[in-house]
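Listing of start.cif; format and content: mmCIF, C-alpha atoms.
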```cif
data_model
#
loop_
_atom_site.label_atom_id
_atom_site.label_comp_id
_atom_site.auth_asym_id
_atom_site.auth_seq_id
_atom_site.Cartn_x
_atom_site.Cartn_y
_atom_site.Cartn_z
CA MET V 30 96.21 68.24 162.67
CA LEU V 31 98.92 69.43 160.30
CA ARG V 32 98.10 66.67 157.82
CA LEU V 33 94.38 67.54 158.00
CA SER V 34 95.07 71.27 157.63
CA LEU V 35 97.33 70.62 154.63
CA SER V 36 94.69 68.37 153.08
CA ARG V 37 92.06 71.09 153.49
CA THR V 38 94.40 73.70 151.97
CA ILE V 39 95.07 71.51 148.92
CA GLY V 40 91.36 70.88 148.62
CA HIS V 41 90.61 74.61 148.74
CA LEU V 42 93.28 75.28 146.09
CA ALA V 43 91.84 72.58 143.83
CA VAL V 44 88.34 74.02 144.18
CA GLY V 45 89.66 77.53 143.52
CA THR V 46 91.50 76.38 140.40
CA ALA V 47 88.41 74.57 139.14
CA LEU V 48 86.31 77.69 139.69
CA LEU V 49 88.83 79.84 137.80
CA LEU V 50 88.95 77.39 134.90
CA GLY V 51 85.18 77.19 134.90
CA ALA V 52 84.90 80.98 134.81
CA ALA V 53 87.38 81.18 131.92
CA ASN V 54 85.48 78.52 129.96
CA ALA V 55 82.20 80.28 130.60
CA GLN V 56 83.71 83.58 129.44
CA ALA V 57 84.86 82.01 126.18
CA GLU V 58 81.50 80.30 125.62
CA THR V 59 79.54 83.53 125.98
CA PHE V 60 82.06 85.78 124.21
CA PRO V 61 81.17 88.28 122.92
CA ASN V 62 78.05 89.49 124.69
CA LYS V 63 78.72 93.14 123.82
CA PRO V 64 80.44 94.95 120.92
CA VAL V 65 84.16 94.36 120.42
CA HIS V 66 86.21 97.48 119.71
CA ILE V 67 88.84 97.08 116.98
CA LEU V 68 91.46 99.81 117.08
CA VAL V 69 92.89 100.82 113.69
CA PRO V 70 96.20 102.73 113.92
CA TYR V 71 95.63 104.54 110.63
CA ALA V 72 93.11 106.94 109.12
CA ALA V 73 89.84 105.82 107.56
CA GLY V 74 90.03 104.78 103.92
CA GLY V 75 93.48 103.19 103.98
CA ALA V 76 94.22 99.51 103.41
CA VAL V 77 94.23 98.63 107.14
CA ASP V 78 90.94 100.43 107.72
CA VAL V 79 89.29 98.76 104.73
CA LEU V 80 90.50 95.35 105.91
CA ALA V 81 89.25 95.97 109.47
CA ARG V 82 85.79 97.02 108.27
CA THR V 83 85.52 94.10 105.86
CA LEU V 84 86.50 91.62 108.58
CA GLY V 85 84.08 93.39 110.92
CA GLN V 86 81.17 92.64 108.60
CA SER V 87 82.07 88.95 108.60
CA LEU V 88 82.65 88.83 112.37
CA ALA V 89 79.23 90.41 112.94
CA LYS V 90 77.66 87.33 111.34
CA ILE V 91 79.70 85.02 113.57
CA TRP V 92 79.24 86.94 116.82
CA GLY V 93 75.79 88.43 116.42
CA GLN V 94 77.48 91.65 117.49
CA GLN V 95 78.74 94.38 115.15
CA PRO V 96 82.35 95.26 116.02
CA VAL V 97 83.14 98.95 116.51
CA ILE V 98 85.98 100.16 114.27
CA ASP V 99 87.91 102.83 116.17
CA ASN V 100 90.47 104.77 114.10
CA ARG V 101 93.36 106.08 116.23
CA PRO V 102 95.94 107.34 113.68
CA GLY V 103 99.27 108.91 114.56
CA ALA V 104 102.92 108.20 115.42
CA GLY V 105 103.21 105.13 113.23
CA GLY V 106 100.64 103.22 115.27
CA VAL V 107 102.04 104.09 118.69
CA ILE V 108 98.93 106.02 119.80
CA ALA V 109 96.56 103.14 119.09
CA SER V 110 98.97 100.57 120.54
CA GLN V 111 99.25 102.52 123.79
CA ALA V 112 95.45 102.65 124.03
CA LEU V 113 95.31 98.87 123.65
CA ALA V 114 98.10 98.21 126.17
CA THR V 115 96.17 100.07 128.87
CA SER V 116 92.77 98.46 128.13
CA THR V 117 91.12 95.62 130.05
CA PRO V 118 92.35 92.22 128.80
CA ASP V 119 88.88 90.74 128.33
CA GLY V 120 88.93 90.44 124.53
CA TYR V 121 86.62 93.40 123.95
CA THR V 122 89.42 95.69 122.80
CA LEU V 123 91.71 94.51 119.99
CA ILE V 124 93.99 96.15 117.45
CA LEU V 125 94.69 95.38 113.80
CA VAL V 126 98.39 96.19 113.43
CA ALA V 127 100.56 96.36 110.34
CA SER V 128 104.13 95.19 109.85
CA GLY V 129 105.67 98.27 111.46
CA HIS V 130 104.31 97.44 114.93
CA PRO V 131 107.21 95.27 116.23
CA LEU V 132 109.76 97.66 114.68
CA ASN V 133 108.60 100.91 116.28
CA GLN V 134 110.88 100.14 119.23
CA PHE V 135 113.85 100.92 116.94
CA ILE V 136 112.30 103.92 115.19
CA TYR V 137 110.98 105.87 118.19
CA PRO V 138 113.36 106.92 120.98
CA SER V 139 110.98 105.64 123.65
CA LEU V 140 107.66 103.81 123.64
CA PRO V 141 104.99 103.97 126.35
CA TYR V 142 104.71 100.16 126.28
CA ASP V 143 106.81 97.02 125.82
CA THR V 144 106.51 95.68 122.26
CA PHE V 145 105.92 92.10 123.38
CA LYS V 146 105.21 91.98 127.13
CA ASP V 147 102.24 94.37 126.96
CA PHE V 148 100.36 92.54 124.20
CA THR V 149 98.82 89.17 123.41
CA ALA V 150 99.36 87.85 119.89
CA ILE V 151 96.17 86.45 118.35
CA THR V 152 96.68 85.80 114.63
CA GLU V 153 98.31 87.10 111.48
CA ILE V 154 95.45 87.88 109.10
CA ALA V 155 97.05 88.48 105.70
CA SER V 156 100.13 89.63 103.85
CA SER V 157 100.85 91.43 100.60
CA PRO V 158 103.99 92.29 98.67
CA LEU V 159 105.05 95.75 97.66
CA ALA V 160 105.86 96.76 94.11
CA ILE V 161 108.83 98.72 92.81
CA VAL V 162 107.38 100.93 90.11
CA ALA V 163 108.55 103.38 87.47
CA SER V 164 106.78 105.43 84.85
CA LYS V 165 105.99 103.60 81.61
CA THR V 166 108.17 106.20 79.88
CA SER V 167 111.12 105.36 82.18
CA PRO V 168 114.39 104.09 80.63
CA TYR V 169 114.41 101.33 83.29
CA ALA V 170 112.70 98.25 81.87
CA ASN V 171 113.44 96.07 84.91
CA LEU V 172 115.03 96.11 88.34
CA GLY V 173 118.33 94.88 86.90
CA ASP V 174 118.58 98.13 84.94
CA VAL V 175 118.01 100.12 88.13
CA LEU V 176 120.66 98.24 90.11
CA ALA V 177 123.19 98.60 87.28
CA ALA V 178 122.59 102.36 87.12
CA ALA V 179 122.85 102.66 90.93
CA ARG V 180 126.17 100.80 90.97
CA LYS V 181 127.53 102.94 88.14
CA GLU V 182 126.57 106.22 89.79
CA PRO V 183 125.84 105.89 93.55
CA ASP V 184 123.14 108.23 94.89
CA SER V 185 122.16 109.28 91.37
CA LEU V 186 118.75 107.57 91.70
CA SER V 187 116.00 108.09 94.24
CA TYR V 188 112.82 106.34 95.24
CA GLY V 189 109.64 107.73 96.74
CA MET V 190 108.00 106.19 99.78
CA SER V 191 105.20 106.98 102.20
CA GLY V 192 107.21 108.34 105.11
CA ASN V 193 110.08 107.52 107.41
CA GLY V 194 109.99 104.01 108.87
CA THR V 195 107.04 102.82 106.78
CA SER V 196 106.98 99.40 105.12
CA ALA V 197 107.91 101.02 101.79
CA HIS V 198 110.91 102.75 103.39
CA LEU V 199 112.08 99.55 105.07
CA ALA V 200 111.71 97.57 101.84
CA GLY V 201 113.82 100.14 100.01
CA GLU V 202 116.51 100.15 102.67
CA LEU V 203 116.67 96.34 102.69
CA LEU V 204 117.09 96.39 98.92
CA LYS V 205 120.00 98.82 99.24
CA TYR V 206 121.47 96.78 102.12
CA MET V 207 121.30 93.43 100.30
CA ALA V 208 122.20 94.69 96.80
CA GLY V 209 125.02 96.93 98.03
CA VAL V 210 123.76 100.03 96.22
CA LYS V 211 123.09 103.64 97.20
CA ILE V 212 119.69 105.04 96.23
CA VAL V 213 118.25 108.13 97.93
CA ALA V 214 114.99 107.67 99.84
CA VAL V 215 112.53 110.55 99.39
CA PRO V 216 109.64 110.66 101.88
CA TYR V 217 106.17 111.77 100.82
CA LYS V 218 103.04 112.29 102.90
CA GLY V 219 101.61 109.03 101.58
CA GLY V 220 101.93 106.36 98.94
CA SER V 221 99.63 108.11 96.48
CA PRO V 222 101.69 111.34 96.36
CA ALA V 223 104.81 109.25 95.71
CA LEU V 224 103.09 107.52 92.79
CA THR V 225 101.92 110.87 91.43
CA ALA V 226 105.52 112.11 91.53
CA VAL V 227 106.68 109.08 89.53
CA ILE V 228 103.95 109.57 86.93
CA ALA V 229 104.85 113.27 86.65
CA GLY V 230 108.54 112.45 86.18
CA ASP V 231 109.60 114.20 89.38
CA ILE V 232 111.20 111.02 90.73
CA PRO V 233 112.29 107.86 88.90
CA LEU V 234 111.03 105.15 91.27
CA SER V 235 108.57 104.44 94.05
CA LEU V 236 107.96 101.58 96.46
CA ASN V 237 104.32 100.95 97.32
CA PRO V 238 102.09 98.21 98.73
CA LEU V 239 100.15 96.55 95.92
CA ALA V 240 96.94 97.97 97.37
CA GLU V 241 98.16 101.44 96.40
CA ALA V 242 99.77 100.68 93.06
CA VAL V 243 98.01 97.79 91.33
CA GLY V 244 95.22 99.95 89.87
CA GLN V 245 97.74 102.12 88.03
CA ILE V 246 99.93 99.29 86.77
CA GLU V 247 97.64 97.21 84.57
CA GLY V 248 96.73 99.47 81.67
CA GLY V 249 97.83 102.52 83.66
CA PRO V 250 100.77 104.93 83.60
CA LEU V 251 103.06 102.81 85.79
CA ARG V 252 105.39 99.90 85.09
CA ALA V 253 106.02 97.35 87.83
CA LEU V 254 109.71 96.42 87.85
CA ALA V 255 109.50 93.83 90.61
CA VAL V 256 107.45 92.64 93.57
CA THR V 257 109.10 92.27 96.95
CA SER V 258 107.72 88.89 98.10
CA ALA V 259 109.59 85.59 97.76
CA GLN V 260 107.03 84.36 95.22
CA ARG V 261 105.33 86.23 92.41
CA SER V 262 102.01 87.83 93.26
CA PRO V 263 98.82 86.34 91.79
CA ALA V 264 97.72 89.96 91.23
CA LEU V 265 100.76 90.56 88.96
CA PRO V 266 101.84 87.11 87.78
CA ASP V 267 104.08 88.42 84.98
CA VAL V 268 106.13 90.69 87.25
CA PRO V 269 109.33 89.07 88.62
CA THR V 270 110.36 89.14 92.26
CA VAL V 271 113.31 91.14 93.56
CA ALA V 272 115.06 87.82 94.25
CA GLU V 273 114.58 86.79 90.61
CA SER V 274 115.93 90.19 89.55
CA GLY V 275 119.37 89.77 91.07
CA VAL V 276 119.00 90.00 94.87
CA PRO V 277 118.77 86.37 96.12
CA GLY V 278 116.98 85.86 99.42
CA TYR V 279 115.16 89.19 99.34
CA ASP V 280 111.65 88.83 100.76
CA VAL V 281 109.50 91.65 102.13
CA SER V 282 105.76 91.78 102.60
CA VAL V 283 103.34 94.07 104.31
CA TRP V 284 101.38 92.04 106.84
CA TRP V 285 98.45 92.64 109.18
CA GLY V 286 97.52 90.90 112.39
CA PHE V 287 95.42 91.10 115.54
CA LEU V 288 96.73 91.75 119.04
CA GLY V 289 95.02 92.08 122.39
CA PRO V 290 96.29 93.44 125.71
CA ALA V 291 98.61 91.30 127.83
CA HIS V 292 97.15 88.62 130.16
CA MET V 293 94.13 87.65 128.07
CA ALA V 294 92.43 84.36 128.96
CA PRO V 295 93.76 81.58 126.68
CA ASP V 296 90.23 80.36 125.87
CA VAL V 297 89.20 83.81 124.67
CA VAL V 298 92.37 84.08 122.58
CA ALA V 299 91.61 80.68 121.03
CA LYS V 300 88.03 81.70 120.24
CA LEU V 301 89.15 84.96 118.65
CA GLN V 302 91.75 83.12 116.61
CA ASN V 303 89.17 80.58 115.38
CA ASP V 304 86.56 83.25 114.63
CA LEU V 305 89.04 85.36 112.69
CA LYS V 306 90.15 82.29 110.74
CA ALA V 307 86.51 81.63 109.89
CA ALA V 308 86.07 85.26 108.81
CA LEU V 309 88.95 84.78 106.36
CA GLN V 310 86.80 82.21 104.53
CA ASP V 311 84.08 84.79 103.86
CA GLN V 312 83.86 85.48 100.12
CA ASN V 313 83.57 89.22 100.68
CA VAL V 314 86.80 89.19 102.71
CA LEU V 315 88.58 87.07 100.08
CA THR V 316 87.43 89.43 97.32
CA THR V 317 88.70 92.46 99.24
CA LEU V 318 92.06 90.78 99.87
CA GLY V 319 92.32 89.89 96.19
CA LYS V 320 91.71 93.49 95.15
CA ILE V 321 94.64 94.70 97.25
CA GLY V 322 96.91 91.84 96.16
CA ALA V 323 96.87 90.23 99.60
CA THR V 324 96.87 86.57 100.64
CA PRO V 325 94.92 85.31 103.70
CA VAL V 326 97.08 83.74 106.42
CA GLY V 327 95.34 82.83 109.71
CA THR V 328 98.15 81.66 111.99
CA THR V 329 97.92 80.43 115.57
CA ALA V 330 98.75 82.85 118.38
CA SER V 331 102.12 81.19 119.04
CA GLU V 332 103.00 81.24 115.33
CA PHE V 333 102.16 84.93 115.09
CA ASP V 334 104.24 85.72 118.18
CA ALA V 335 107.22 83.78 116.77
CA PHE V 336 106.81 85.53 113.41
CA MET V 337 106.95 88.99 115.01
CA HIS V 338 110.10 88.06 116.92
CA ALA V 339 111.65 86.87 113.64
CA GLU V 340 110.70 90.19 112.02
CA VAL V 341 112.59 92.03 114.76
CA ALA V 342 115.71 89.90 114.20
CA LYS V 343 115.48 90.46 110.44
CA TRP V 344 114.97 94.21 110.49
CA GLU V 345 117.02 95.44 113.47
CA PRO V 346 120.39 95.47 111.60
CA VAL V 347 118.76 97.13 108.57
CA LEU V 348 117.19 99.88 110.67
CA LYS V 349 120.46 100.51 112.50
CA ALA V 350 122.52 100.53 109.30
CA ALA V 351 120.14 103.02 107.69
CA ASN V 352 119.81 105.02 110.95
CA ILE V 353 116.04 105.23 110.51
CA ARG V 354 114.44 107.33 113.22
CA ALA V 355 111.06 108.97 113.64
CA GLN V 356 110.95 112.56 112.44
#
```

Represent the structure from my file as structure tokens, please.
Amino acid sequence: MLRLSLSRTIGHLAVGTALLLGAANAQAETFPNKPVHILVPYAAGGAVDVLARTLGQSLAKIWGQQPVIDNRPGAGGVIASQALATSTPDGYTLILVASGHPLNQFIYPSLPYDTFKDFTAITEIASSPLAIVASKTSPYANLGDVLAAARKEPDSLSYGMSGNGTSAHLAGELLKYMAGVKIVAVPYKGGSPALTAVIAGDIPLSLNPLAEAVGQIEGGPLRALAVTSAQRSPALPDVPTVAESGVPGYDVSVWWGFLGPAHMAPDVVAKLQNDLKAALQDQNVLTTLGKIGATPVGTTASEFDAFMHAEVAKWEPVLKAANIRAQ
């Protein structure tokens, strides 16, 4: 009797497992059968919003469903991330995060979610360097000039950036950390006001994503001293990297990627990853990325998760050394 009962139990478990797997496969095969909501943690019109809407147009062709772009700006992305963490993990609510997402745990005193446990990594979409810029009338012809001046007179120079804890702020602090110099960080309400201040001569330097600065560099009032990526940017091929300019090993990029809530079905994650990779081949998407100096990526979910963990290990000592906190 015991052997028969055990046999029946195992049989029931096998049937149950098969039904669950069948349901998951069916979910992935029919996904999506209603609009997918893509949360954007920043206001409309910014680089993340433009990228989300451009990808949405391509995904609409793949899915036969137009994604809904839902802007939830505020608190460095925390508001939108909290909304995602509490949503149903069925693949119909996603978020397009920027590089600050895994670092908010060090910037904000407490978060209403766990940075990794409450999310499912899907794919890194693209990355773009930042540019260190000065006015074309500036006495600094290159980054080497800036570093020499900063070493000669610590805290005599300053750089503008788009707010505390932003990618521009972090890139500036890493430069100071690795080069062993002291340059004052001056926060502005956005990247554009910082650039305006440089052009007006109110501040000598600014750090900005290429999407914000590239239009005012070529034939404009700004001079790019260096780009922050490990390799030169195709958008500014004549501008050296920070590493080439005297800070070996320096490498910072703004990146964007998709997350879902925790506990998503693996088949749905795989389909989203494949569909997003296909969207990155769309010529309209590639043109938009090119305009903002970005490079398509398209990693696997596990690669994206490992990359975010590596970002945390890279930036935690910098954030602590600079004592960067939300204001």

Legend entry - Resolved residues for the PyMOL selection byres ((chain V and resi 228) around 9) as a VMD selection string: chain V and resid 163 to 166 223 to 227 229 to 233 250 to 251

Legend entry - Top pick for closest residue to V:Ala179, considering V:Ala73, V:Leu204, V:Ala272, V:Val97 and counting all atoms listed in the file: V:Leu204

Under the PyMOL selection byres ((chain V and resi 339-354) around 8), which residues of this model are included? Write them out as a short mmCIF file (atom, residue, chain, number, x, y, z; two decimals) with C-alpha atoms, in the frame of the given file.
```
data_model
loop_
_atom_site.label_atom_id
_atom_site.label_comp_id
_atom_site.auth_asym_id
_atom_site.auth_seq_id
_atom_site.Cartn_x
_atom_site.Cartn_y
_atom_site.Cartn_z
CA PRO V 131 107.21 95.27 116.23
CA LEU V 132 109.76 97.66 114.68
CA PHE V 135 113.85 100.92 116.94
CA ILE V 136 112.30 103.92 115.19
CA TYR V 137 110.98 105.87 118.19
CA PRO V 138 113.36 106.92 120.98
CA ASN V 193 110.08 107.52 107.41
CA GLY V 194 109.99 104.01 108.87
CA LEU V 199 112.08 99.55 105.07
CA GLU V 202 116.51 100.15 102.67
CA LEU V 203 116.67 96.34 102.69
CA TYR V 206 121.47 96.78 102.12
CA ALA V 335 107.22 83.78 116.77
CA PHE V 336 106.81 85.53 113.41
CA MET V 337 106.95 88.99 115.01
CA HIS V 338 110.10 88.06 116.92
CA ALA V 355 111.06 108.97 113.64
CA GLN V 356 110.95 112.56 112.44
#
```

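Atom CA of V:Pro168 to atom CA of V:Val243 spans 20.6 Å [interatomic distance, one decimal].
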
Legend entry - Shell around V:Gly85 at 8 Å using all atoms listed in the file, local window under 4 positions removed, as a ChimeraX atom specification: /V:81,89,95-98

Inset, instruction - Name every residue that the PyMOL selection byres ((chain V and resi 190) around 12) selects in this structure, writing the answer as a PyMOL selection string with chains first and numbers rising. - result: chain V and resi 159-162+187-189+191-202+213-227+232-238+241-242

Legend entry - Residue nearest V:Gly75 among V:Ala264, V:Ala150, V:Ala255, V:Ala240 (counting all atoms listed in the file):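 For V:Gly75, the nearest of the candidates is V:Ala240.
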
Inset, instruction - Do a neighbour search on stretch 65-67 of chain V at 10 Å with only C-alpha atoms, toss out local chain neighbours closer than 5 positions, and write the hits as a PyMOL selection string. - result: chain V and resi 60+81-82+85+88-89+92+94-100+113+119-125+287-289

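Atom CA of V:Arg261 is positioned 24.3 Å from atom CA of V:Val126.
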
Legend entry - Best match for closeness to V:Val271 among V:Asn171, V:Ser139, V:Gln86, V:Thr328, counting only C-alpha atoms: V:Asn171

Inset, instruction - Calculate how many Å separate atom CA of V:Gln312 from atom CA of V:Trp285, rounding to one decimal. - result: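 A separation of 18.6 Å between them.
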
Legend entry - Within 12 Å of V:Ser262 using only C-alpha atoms, minus same-chain residues under 2 positions, as an NGL selection string: :V and (156-160 or 238-239 or 243 or 253 or 255-260 or 264-271 or 282 or 319-324)

Inset, instruction - Have a look at V:Gly74, V:Leu309, V:Ala291, V:Thr317 and name the one nearest to V:Ile151; count only C-alpha atoms. - result: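 Nearest candidate to V:Ile151 out of V:Gly74, V:Leu309, V:Ala291, V:Thr317: V:Ala291.
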
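Nearest residue to V:Gly278, choosing from V:Gln245, V:Val175, V:Met207, V:Lys300 and counting only C-alpha atoms: V:Met207.
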